[in-house]
$ cat final_35.txt   # compact mmCIF, C-alpha atoms and all ligand atoms
# COMPACT_ATOMS: atom_id res chain seq x y z
CA MET A 38 5.79 -34.10 -0.61
CA ASN A 39 2.96 -32.99 -2.84
CA THR A 40 3.24 -29.77 -4.70
CA VAL A 41 0.45 -27.42 -5.66
CA PRO A 42 -0.82 -28.66 -9.00
CA ALA A 43 -0.09 -26.40 -11.95
CA ALA A 44 -3.06 -24.06 -12.08
CA GLY A 45 -5.70 -25.46 -14.40
CA GLY A 46 -7.98 -23.16 -16.31
CA PHE A 47 -11.65 -22.51 -15.61
CA ASP A 48 -14.42 -21.32 -17.87
CA HIS A 49 -17.00 -19.85 -15.52
CA VAL A 50 -17.50 -18.54 -12.00
CA PRO A 51 -19.82 -20.87 -10.00
CA VAL A 52 -22.94 -19.71 -8.15
CA ILE A 53 -23.21 -21.00 -4.55
CA ASP A 54 -26.27 -20.81 -2.31
CA VAL A 55 -24.88 -19.95 1.13
CA ARG A 56 -28.18 -20.00 3.03
CA ALA A 57 -26.91 -22.69 5.43
CA LEU A 58 -23.97 -20.47 6.49
CA VAL A 59 -26.18 -17.48 7.36
CA THR A 60 -28.96 -19.51 9.04
CA PRO A 61 -28.17 -20.33 12.70
CA SER A 62 -30.53 -23.34 12.71
CA SER A 63 -28.80 -25.11 9.80
CA SER A 64 -27.25 -28.52 10.44
CA ALA A 65 -23.51 -29.22 10.50
CA ALA A 66 -23.92 -31.37 7.39
CA GLU A 67 -25.65 -28.55 5.51
CA ARG A 68 -22.89 -26.13 6.45
CA ARG A 69 -20.18 -28.54 5.43
CA ALA A 70 -21.86 -29.12 2.05
CA VAL A 71 -21.80 -25.37 1.30
CA ALA A 72 -18.23 -25.13 2.59
CA ALA A 73 -17.14 -27.91 0.23
CA ARG A 74 -18.48 -25.96 -2.74
CA ILE A 75 -16.72 -22.80 -1.57
CA GLY A 76 -13.48 -24.75 -1.09
CA ALA A 77 -13.67 -26.16 -4.62
CA ALA A 78 -14.22 -22.66 -6.07
CA CYS A 79 -11.34 -21.22 -4.02
CA ARG A 80 -9.00 -23.88 -5.36
CA GLU A 81 -10.16 -23.65 -8.94
CA SER A 82 -10.62 -19.95 -9.65
CA GLY A 83 -10.61 -18.04 -6.35
CA PHE A 84 -13.98 -16.57 -7.43
CA PHE A 85 -17.61 -17.51 -6.71
CA TYR A 86 -21.02 -15.85 -6.64
CA VAL A 87 -23.12 -16.12 -3.48
CA VAL A 88 -26.93 -16.18 -3.40
CA GLY A 89 -29.17 -16.92 -0.43
CA HIS A 90 -26.94 -14.51 1.54
CA GLY A 91 -29.81 -12.78 3.37
CA VAL A 92 -28.67 -9.17 2.73
CA ASP A 93 -31.82 -7.05 2.49
CA ALA A 94 -32.74 -6.27 -1.13
CA GLY A 95 -34.41 -2.98 -0.11
CA LEU A 96 -31.21 -1.76 1.58
CA GLN A 97 -29.21 -2.66 -1.53
CA ALA A 98 -31.63 -0.85 -3.85
CA ARG A 99 -31.60 2.23 -1.61
CA LEU A 100 -27.79 2.32 -1.54
CA GLU A 101 -27.56 1.87 -5.30
CA GLU A 102 -30.04 4.69 -5.98
CA LEU A 103 -28.31 7.08 -3.55
CA SER A 104 -24.90 6.23 -5.02
CA ARG A 105 -26.10 7.06 -8.53
CA ARG A 106 -27.45 10.38 -7.27
CA PHE A 107 -24.11 11.19 -5.67
CA PHE A 108 -22.10 10.51 -8.84
CA ALA A 109 -24.57 12.61 -10.89
CA LEU A 110 -23.67 15.73 -8.80
CA PRO A 111 -21.39 18.44 -10.27
CA LEU A 112 -17.70 17.63 -9.79
CA ASP A 113 -17.20 20.55 -7.39
CA ASP A 114 -19.84 19.17 -5.03
CA LYS A 115 -18.21 15.75 -5.06
CA MET A 116 -14.76 17.29 -4.51
CA ALA A 117 -16.09 18.84 -1.30
CA ILE A 118 -15.31 15.46 0.31
CA ARG A 119 -12.14 14.65 -1.68
CA MET A 120 -9.76 12.12 -0.19
CA ALA A 121 -7.09 14.72 0.56
CA LEU A 122 -9.47 16.01 3.26
CA GLY A 123 -9.77 12.53 4.82
CA GLY A 124 -6.06 12.52 5.75
CA PRO A 125 -4.61 9.24 7.00
CA ALA A 126 -8.09 7.69 7.43
CA TRP A 127 -8.06 7.32 3.63
CA ARG A 128 -11.70 8.21 3.10
CA GLY A 129 -13.66 10.34 0.66
CA PHE A 130 -14.08 10.96 -3.06
CA PHE A 131 -11.58 10.62 -5.88
CA PRO A 132 -12.33 11.80 -9.45
CA VAL A 133 -11.98 9.83 -12.71
CA GLY A 134 -8.29 9.06 -13.31
CA GLY A 135 -7.39 9.72 -9.65
CA GLU A 136 -6.52 6.11 -8.87
CA LEU A 137 -3.76 4.13 -10.59
CA THR A 138 -3.36 0.41 -11.20
CA SER A 139 0.20 -0.61 -12.18
CA GLY A 140 0.98 3.05 -12.78
CA ARG A 141 -1.88 3.77 -15.22
CA PRO A 142 -5.00 5.77 -14.31
CA ASP A 143 -8.23 3.75 -14.08
CA ARG A 144 -11.37 5.12 -15.76
CA LYS A 145 -13.44 5.26 -12.61
CA GLU A 146 -14.44 7.66 -9.86
CA GLY A 147 -15.23 6.53 -6.37
CA LEU A 148 -15.94 6.92 -2.71
CA TYR A 149 -13.85 5.29 0.00
CA PHE A 150 -15.38 4.29 3.30
CA GLY A 151 -14.38 2.09 6.22
CA THR A 152 -15.52 1.20 9.71
CA GLU A 153 -16.73 4.43 11.34
CA LEU A 154 -14.27 5.11 14.19
CA GLY A 155 -14.30 8.15 16.47
CA PRO A 156 -11.26 10.11 17.72
CA GLU A 157 -11.28 8.20 21.02
CA HIS A 158 -10.62 4.82 19.36
CA PRO A 159 -7.10 3.65 20.33
CA LEU A 160 -5.99 3.04 16.74
CA VAL A 161 -7.24 6.48 15.68
CA ARG A 162 -5.57 8.12 18.69
CA ALA A 163 -2.34 6.40 17.67
CA GLY A 164 -2.67 7.92 14.16
CA THR A 165 -2.99 4.49 12.50
CA PRO A 166 -3.44 4.87 8.72
CA LEU A 167 -6.80 3.80 7.23
CA HIS A 168 -8.61 4.15 10.57
CA GLY A 169 -10.89 7.03 11.49
CA PRO A 170 -14.16 8.76 10.67
CA ASN A 171 -15.77 8.63 7.23
CA LEU A 172 -16.34 11.64 4.99
CA PHE A 173 -20.02 11.61 4.04
CA PRO A 174 -21.52 13.98 1.47
CA GLN A 175 -24.21 16.53 2.37
CA GLU A 176 -26.20 15.27 -0.61
CA PRO A 177 -27.96 12.99 -1.25
CA ARG A 178 -29.46 12.79 2.22
CA GLY A 179 -29.59 9.26 3.56
CA LEU A 180 -26.37 8.05 1.94
CA ARG A 181 -24.64 8.01 5.31
CA GLU A 182 -27.24 5.72 6.93
CA ALA A 183 -27.40 3.45 3.88
CA VAL A 184 -23.59 3.05 3.81
CA LEU A 185 -23.37 2.34 7.55
CA ASP A 186 -26.26 -0.18 7.41
CA TYR A 187 -24.78 -1.88 4.37
CA MET A 188 -21.30 -2.15 5.94
CA ALA A 189 -22.87 -3.72 9.05
CA ALA A 190 -24.83 -6.26 6.95
CA LEU A 191 -21.79 -7.14 4.82
CA THR A 192 -19.60 -7.48 7.90
CA ARG A 193 -22.03 -10.14 9.21
CA LEU A 194 -21.94 -11.87 5.83
CA GLY A 195 -18.13 -11.70 5.82
CA HIS A 196 -17.97 -13.52 9.17
CA ALA A 197 -20.39 -16.20 7.89
CA LEU A 198 -18.42 -16.76 4.69
CA MET A 199 -15.13 -16.96 6.60
CA SER A 200 -16.65 -19.68 8.79
CA GLY A 201 -17.46 -21.57 5.58
CA ILE A 202 -13.91 -21.06 4.31
CA ALA A 203 -12.58 -22.39 7.65
CA LEU A 204 -14.81 -25.49 7.39
CA SER A 205 -13.65 -26.04 3.83
CA LEU A 206 -10.07 -26.32 5.15
CA GLU A 207 -11.18 -28.75 7.90
CA LEU A 208 -10.57 -26.08 10.54
CA GLU A 209 -12.87 -25.00 13.40
CA GLU A 210 -15.53 -22.61 12.15
CA ASP A 211 -14.10 -19.71 14.16
CA TYR A 212 -10.50 -20.28 13.00
CA PHE A 213 -10.23 -16.96 11.17
CA ALA A 214 -12.33 -14.97 13.64
CA ALA A 215 -10.15 -16.18 16.52
CA ARG A 216 -6.88 -15.22 14.81
CA TYR A 217 -7.42 -12.66 12.07
CA THR A 218 -10.88 -11.29 11.43
CA GLY A 219 -12.48 -11.06 14.90
CA ASP A 220 -12.04 -7.30 14.55
CA PRO A 221 -11.75 -7.13 10.77
CA LEU A 222 -10.31 -4.27 8.77
CA VAL A 223 -13.29 -3.28 6.66
CA LEU A 224 -12.81 -1.10 3.60
CA PHE A 225 -15.80 -0.32 1.42
CA ARG A 226 -15.78 1.47 -1.90
CA ILE A 227 -18.45 2.66 -4.27
CA PHE A 228 -17.23 3.03 -7.84
CA ASN A 229 -18.74 4.60 -10.92
CA TYR A 230 -17.18 3.60 -14.23
CA PRO A 231 -18.19 6.14 -16.90
CA PRO A 232 -18.54 4.99 -20.51
CA GLY A 233 -15.86 5.88 -23.05
CA PRO A 234 -13.61 4.54 -25.82
CA SER A 235 -11.90 1.28 -24.93
CA THR A 236 -8.52 2.39 -26.35
CA ALA A 237 -6.38 5.39 -25.46
CA GLU A 238 -4.50 7.59 -27.95
CA ASP A 239 -1.37 5.48 -27.43
CA GLY A 240 -3.35 2.38 -28.48
CA GLN A 241 -3.39 0.94 -24.96
CA PRO A 242 -6.72 -0.33 -23.57
CA VAL A 243 -8.45 1.96 -21.08
CA TRP A 244 -9.41 -0.24 -18.15
CA GLY A 245 -12.05 0.62 -15.60
CA VAL A 246 -9.64 -1.13 -13.26
CA GLY A 247 -6.44 -2.66 -14.60
CA GLU A 248 -5.37 -6.20 -13.78
CA HIS A 249 -4.75 -6.69 -10.06
CA THR A 250 -5.39 -8.98 -7.12
CA ASP A 251 -7.10 -7.91 -3.91
CA TYR A 252 -4.99 -7.55 -0.79
CA GLY A 253 -6.84 -9.10 2.12
CA VAL A 254 -8.79 -12.31 2.67
CA LEU A 255 -12.24 -11.87 1.13
CA THR A 256 -13.88 -9.35 -1.23
CA ILE A 257 -17.68 -9.26 -1.53
CA LEU A 258 -18.73 -7.26 -4.59
CA LYS A 259 -22.12 -5.93 -5.59
CA GLN A 260 -22.20 -5.04 -9.29
CA ASP A 261 -25.02 -3.52 -11.31
CA ASP A 262 -26.31 -4.95 -14.59
CA ALA A 263 -23.69 -3.34 -16.89
CA GLY A 264 -21.15 -6.22 -16.78
CA GLY A 265 -17.44 -5.89 -17.53
CA LEU A 266 -15.73 -7.77 -14.68
CA GLN A 267 -13.19 -10.26 -16.05
CA VAL A 268 -11.25 -12.96 -14.19
CA LYS A 269 -7.90 -14.37 -15.34
CA SER A 270 -7.81 -18.07 -16.11
CA ARG A 271 -4.53 -19.70 -16.96
CA ALA A 272 -4.27 -23.20 -18.40
CA GLY A 273 -0.70 -24.20 -19.07
CA GLY A 274 0.84 -21.12 -20.65
CA GLU A 275 -2.45 -19.88 -22.05
CA VAL A 276 -4.32 -16.94 -20.50
CA ARG A 277 -8.05 -16.52 -20.93
CA TRP A 278 -10.19 -13.74 -19.46
CA VAL A 279 -13.45 -15.22 -18.17
CA GLU A 280 -16.43 -12.87 -17.75
CA ALA A 281 -18.16 -12.67 -14.36
CA PRO A 282 -21.46 -11.29 -15.68
CA PRO A 283 -24.18 -9.81 -13.47
CA VAL A 284 -26.26 -12.48 -11.67
CA PRO A 285 -29.40 -10.92 -10.13
CA GLY A 286 -29.48 -10.95 -6.34
CA SER A 287 -25.89 -12.19 -6.02
CA PHE A 288 -22.56 -10.92 -4.77
CA VAL A 289 -19.28 -11.86 -6.43
CA CYS A 290 -16.76 -13.09 -3.85
CA ASN A 291 -13.05 -13.46 -4.38
CA ILE A 292 -10.01 -14.46 -2.39
CA GLY A 293 -7.29 -11.92 -1.61
CA ASP A 294 -3.51 -12.15 -1.24
CA MET A 295 -3.57 -12.85 2.50
CA LEU A 296 -5.66 -16.03 2.15
CA ASP A 297 -3.43 -17.08 -0.74
CA ARG A 298 -0.47 -16.58 1.61
CA MET A 299 -2.12 -18.45 4.50
CA THR A 300 -3.02 -21.43 2.28
CA ARG A 301 0.37 -21.50 0.50
CA GLY A 302 -1.26 -20.68 -2.80
CA VAL A 303 -3.95 -23.38 -2.63
CA TYR A 304 -6.77 -20.80 -2.34
CA ARG A 305 -6.05 -18.46 -5.16
CA SER A 306 -5.91 -14.69 -5.18
CA THR A 307 -6.88 -14.46 -8.81
CA PRO A 308 -6.14 -11.43 -11.01
CA HIS A 309 -9.15 -9.58 -12.35
CA ARG A 310 -9.93 -6.34 -14.18
CA VAL A 311 -12.88 -4.28 -15.40
CA LEU A 312 -13.70 -3.06 -18.90
CA ASN A 313 -16.97 -1.14 -19.14
CA ARG A 314 -18.25 -1.73 -22.67
CA SER A 315 -21.92 -1.12 -21.80
CA GLY A 316 -22.02 2.43 -23.20
CA ARG A 317 -23.39 3.73 -19.87
CA ASP A 318 -22.21 4.23 -16.31
CA ARG A 319 -21.35 1.05 -14.40
CA LEU A 320 -21.83 1.08 -10.64
CA SER A 321 -19.99 -1.41 -8.44
CA LEU A 322 -19.58 -1.69 -4.68
CA PRO A 323 -16.64 -3.79 -3.50
CA PHE A 324 -16.53 -4.60 0.22
CA PHE A 325 -13.19 -5.81 1.58
CA PHE A 326 -13.34 -8.05 4.65
CA ASP A 327 -9.77 -8.25 5.78
CA PRO A 328 -7.52 -9.24 8.70
CA GLY A 329 -7.16 -6.76 11.55
CA TRP A 330 -4.40 -4.19 11.03
CA THR A 331 -2.04 -5.59 13.69
CA THR A 332 -2.52 -9.32 13.00
CA GLU A 333 0.55 -11.20 11.80
CA ILE A 334 -0.10 -13.35 8.77
CA HIS A 335 1.14 -16.96 8.87
CA PRO A 336 0.67 -20.07 6.73
CA ILE A 337 -2.11 -22.23 8.19
CA ASP A 338 -1.29 -25.57 9.77
CA ALA A 339 -4.45 -27.23 8.39
CA PRO A 340 -4.77 -30.96 7.73
CA ALA A 341 -6.19 -30.07 4.34
CA LEU A 342 -2.94 -28.27 3.50
CA HIS A 343 -0.41 -30.75 4.88
CA GLY A 344 2.22 -31.73 2.38
CA VAL A 345 1.58 -28.72 0.18
CA SER A 346 4.65 -26.72 -0.71
CA THR A 347 4.50 -23.09 -1.58
CA LEU A 348 4.09 -22.12 -5.17
CA ASP A 349 6.37 -19.31 -6.27
CA ASP A 350 4.17 -17.41 -8.69
CA ARG A 351 6.05 -14.13 -8.77
CA ALA A 352 6.92 -14.44 -12.46
CA GLU A 353 3.21 -14.70 -13.26
CA ARG A 354 1.88 -12.08 -10.91
CA TRP A 355 0.71 -8.64 -12.00
CA ASP A 356 2.92 -6.92 -9.39
CA GLY A 357 5.96 -9.19 -9.87
CA GLN A 358 5.93 -9.97 -6.14
CA SER A 359 5.31 -13.19 -4.28
CA VAL A 360 2.79 -13.04 -1.44
CA HIS A 361 4.60 -16.06 0.00
CA ALA A 362 7.72 -14.02 0.68
CA PHE A 363 5.71 -11.64 2.86
CA ARG A 364 6.35 -11.48 6.61
CA GLY A 365 4.58 -9.06 8.87
CA THR A 366 1.20 -7.66 9.80
CA TYR A 367 -1.67 -6.99 7.45
CA GLY A 368 -1.15 -3.30 8.09
CA ASP A 369 2.41 -3.59 6.75
CA TYR A 370 1.18 -5.32 3.62
CA LEU A 371 -1.61 -2.86 2.95
CA LEU A 372 0.56 0.22 3.43
CA GLY A 373 3.02 -1.10 0.89
CA LYS A 374 0.17 -1.29 -1.64
CA VAL A 375 -1.93 1.81 -1.06
CA GLY A 376 0.90 4.24 -1.62
CA LYS A 377 1.20 2.94 -5.19
CA VAL A 378 -2.44 3.48 -6.14
CA PHE A 379 -2.69 7.07 -4.89
CA PRO A 380 0.85 8.46 -5.21
CA ASP A 381 -0.35 12.02 -4.49
CA LEU A 382 -1.77 10.98 -1.16
CA ARG A 383 1.06 8.71 -0.12
CA SER A 384 2.89 11.32 1.92
CA LYS A 385 -0.29 12.09 3.86
CA VAL A 386 -0.86 8.45 4.75
CA LEU A 387 2.69 7.37 5.39
CA SER A 388 3.83 10.44 7.30
O1 LIG B 401 -15.72 -3.02 -9.88
C1 LIG B 401 -15.48 -4.21 -9.97
O2 LIG B 401 -16.24 -5.00 -10.53
C2 LIG B 401 -14.20 -4.77 -9.40
C3 LIG B 401 -13.47 -3.81 -8.51
C4 LIG B 401 -12.22 -4.40 -7.98
O3 LIG B 401 -11.72 -5.36 -8.48
C5 LIG B 401 -11.59 -3.83 -6.77
O4 LIG B 401 -12.01 -2.75 -6.32
O5 LIG B 401 -10.67 -4.46 -6.23
FE FE B 402 -10.31 -6.23 -7.12
$ encode --input "final_35.txt" --output "structure tokens" --more "lines below"
Ligand SMILES: O=C(O)CCC(=O)C(=O)O
Ligand SMILES: [Fe+2]
Amino acid sequence: MNTVPAAGGFDHVPVIDVRALVTPSSSAAERRAVAARIGAACRESGFFYVVGHGVDAGLQARLEELSRRFFALPLDDKMAIRMALGGPAWRGFFPVGGELTSGRPDRKEGLYFGTELGPEHPLVRAGTPLHGPNLFPQEPRGLREAVLDYMAALTRLGHALMSGIALSLELEEDYFAARYTGDPLVLFRIFNYPPGPSTAEDGQPVWGVGEHTDYGVLTILKQDDAGGLQVKSRAGGEVRWVEAPPVPGSFVCNIGDMLDRMTRGVYRSTPHRVLNRSGRDRLSLPFFFDPGWTTEIHPIDAPALHGVSTLDDRAERWDGQSVHAFRGTYGDYLLGKVGKVFPDLRSKVLS
């Protein structure tokens, strides 16, 4: 039996043109060629940029401008939609220091959104955490429409990229849609990372976001031109933090814990972190395209993965846990994580 090769290092995040995956008239060979590049990136670093994705540049510019105007509002105005008011739907604003990674406050403020669901939706009626209506601010006008349009566009892109990931594993293109992401759990955040000293009084670095992995299958991130996203590369025992600098017109994609679990560690959920050294605000918009809440996560029986045995990486992981030990639904996994990042809100979500 083969084993997963010891993780080699990498020195950059590749840029992949995914036009063939978002163009219905593309040929099977064109789609497979893109998929092969995605597969190589997923095995090597778990990170890749996408260009040629077809998401409207005007919509992106509008959303970025409105987001900056929101964060420039007085704190009291922003707190009018604070997360405590979103209840179990887990939506709204949190101020700088309000979110923790590995127990330490991140230097970022943000807005949480998700698929807009009304009170009649069965999962909302059942009181399912992280499902419900969004909290939109009064000001700036138009943010609501921009967020909803952007989530719809990125959901389409998420489906297209998952079909490429399926092809890269020699699976049918709709493998993930048929089992996990047909009705995806979509979480969308808009973050502002204010500038500030890079060390705290206790000498510890002040991260915009501390080292972590993402929880689901695929994250699609829009970042502005400030830079500061770093990806962990490990060659032998040596750790190196590789920058993922801004690439105009691109999104940064990365694999989450659930795809790592499904592929027995072959597609890597790679740790990353943010350090804003630009001296100005950094805006970033991560979009999480994840398995449906009630879907059970299983290792994939793919020809491309036959003979691979599961890598136990718990000693290396930021949270000291192995995703490969996990049994259950994506909802179970996510609930175990979210309580740790917002301890104050945990009782509201878990009750
Ligand atoms: O803001 C970024 O560049 C990364 C954010 C991130 O890693 C996350 O929200 O999971
Ligand atoms: Fe992340």
$ closest_residue --input "final_35.txt" --among "A:Gly329, A:Pro61, A:Pro323, A:Gly164" --to "Tyr187 of chain A" --atoms "all atoms listed in the file"
A:Pro323
$ residues_near_ligand --input "final_35.txt" --ligand "ligand LIG 401 (chain B)" --cutoff "10 Å" --atoms "all atoms listed in the file" --output "MDAnalysis selection string"
chainID A and resid 145 147 225:230 245:252 256:261 263:268 281:283 289 291 293 308:313 319:325
$ residues_around --input "final_35.txt" --residues "segment 53-60 of chain A" --least-positions-apart "2" --cutoff "7 Å" --atoms "all atoms listed in the file" --output "list in words"
Pro51, Ser62, Ser63, Glu67, Arg68, Val71, Phe85, Tyr86, Val87, Val88, Gly89, His90, Ala197, Leu198 and Gly201 of chain A
$ residues_around --input "final_35.txt" --residues "segment 350-362 of chain A" --least-positions-apart "2" --cutoff "8 Å" --atoms "only C-alpha atoms" --output "list in words"
Ser139, Glu248, His249, Thr250, Asp294, Met295, Asp297, Arg298, Arg301, Gly302, Pro308, Thr347, Leu348 and Arg364 of chain A
$ atom_distance --input "final_35.txt" --atom1 "atom FE of ligand FE 402 (chain B)" --atom2 "atom CA of Ser82 of chain A"
14.0 Å
$ closest_residue --input "final_35.txt" --among "A:Arg317, A:Leu122, A:Pro328, A:Ser306" --to "Pro221 of chain A" --atoms "all atoms listed in the file"
A:Pro328
$ closest_residue --input "final_35.txt" --among "A:Gly140, A:Gly368, A:Gly179, A:Pro231" --to "Gly253 of chain A" --atoms "only C-alpha atoms"
A:Gly368
$ closest_residue --input "final_35.txt" --among "A:Tyr304, A:Tyr217, A:Trp127, A:Tyr370" --to "Gly76 of chain A" --atoms "only C-alpha atoms"
A:Tyr304
$ atom_distance --input "final_35.txt" --atom1 "atom CA of His335 of chain A" --atom2 "atom CA of Gly365 of chain A"
8.6 Å
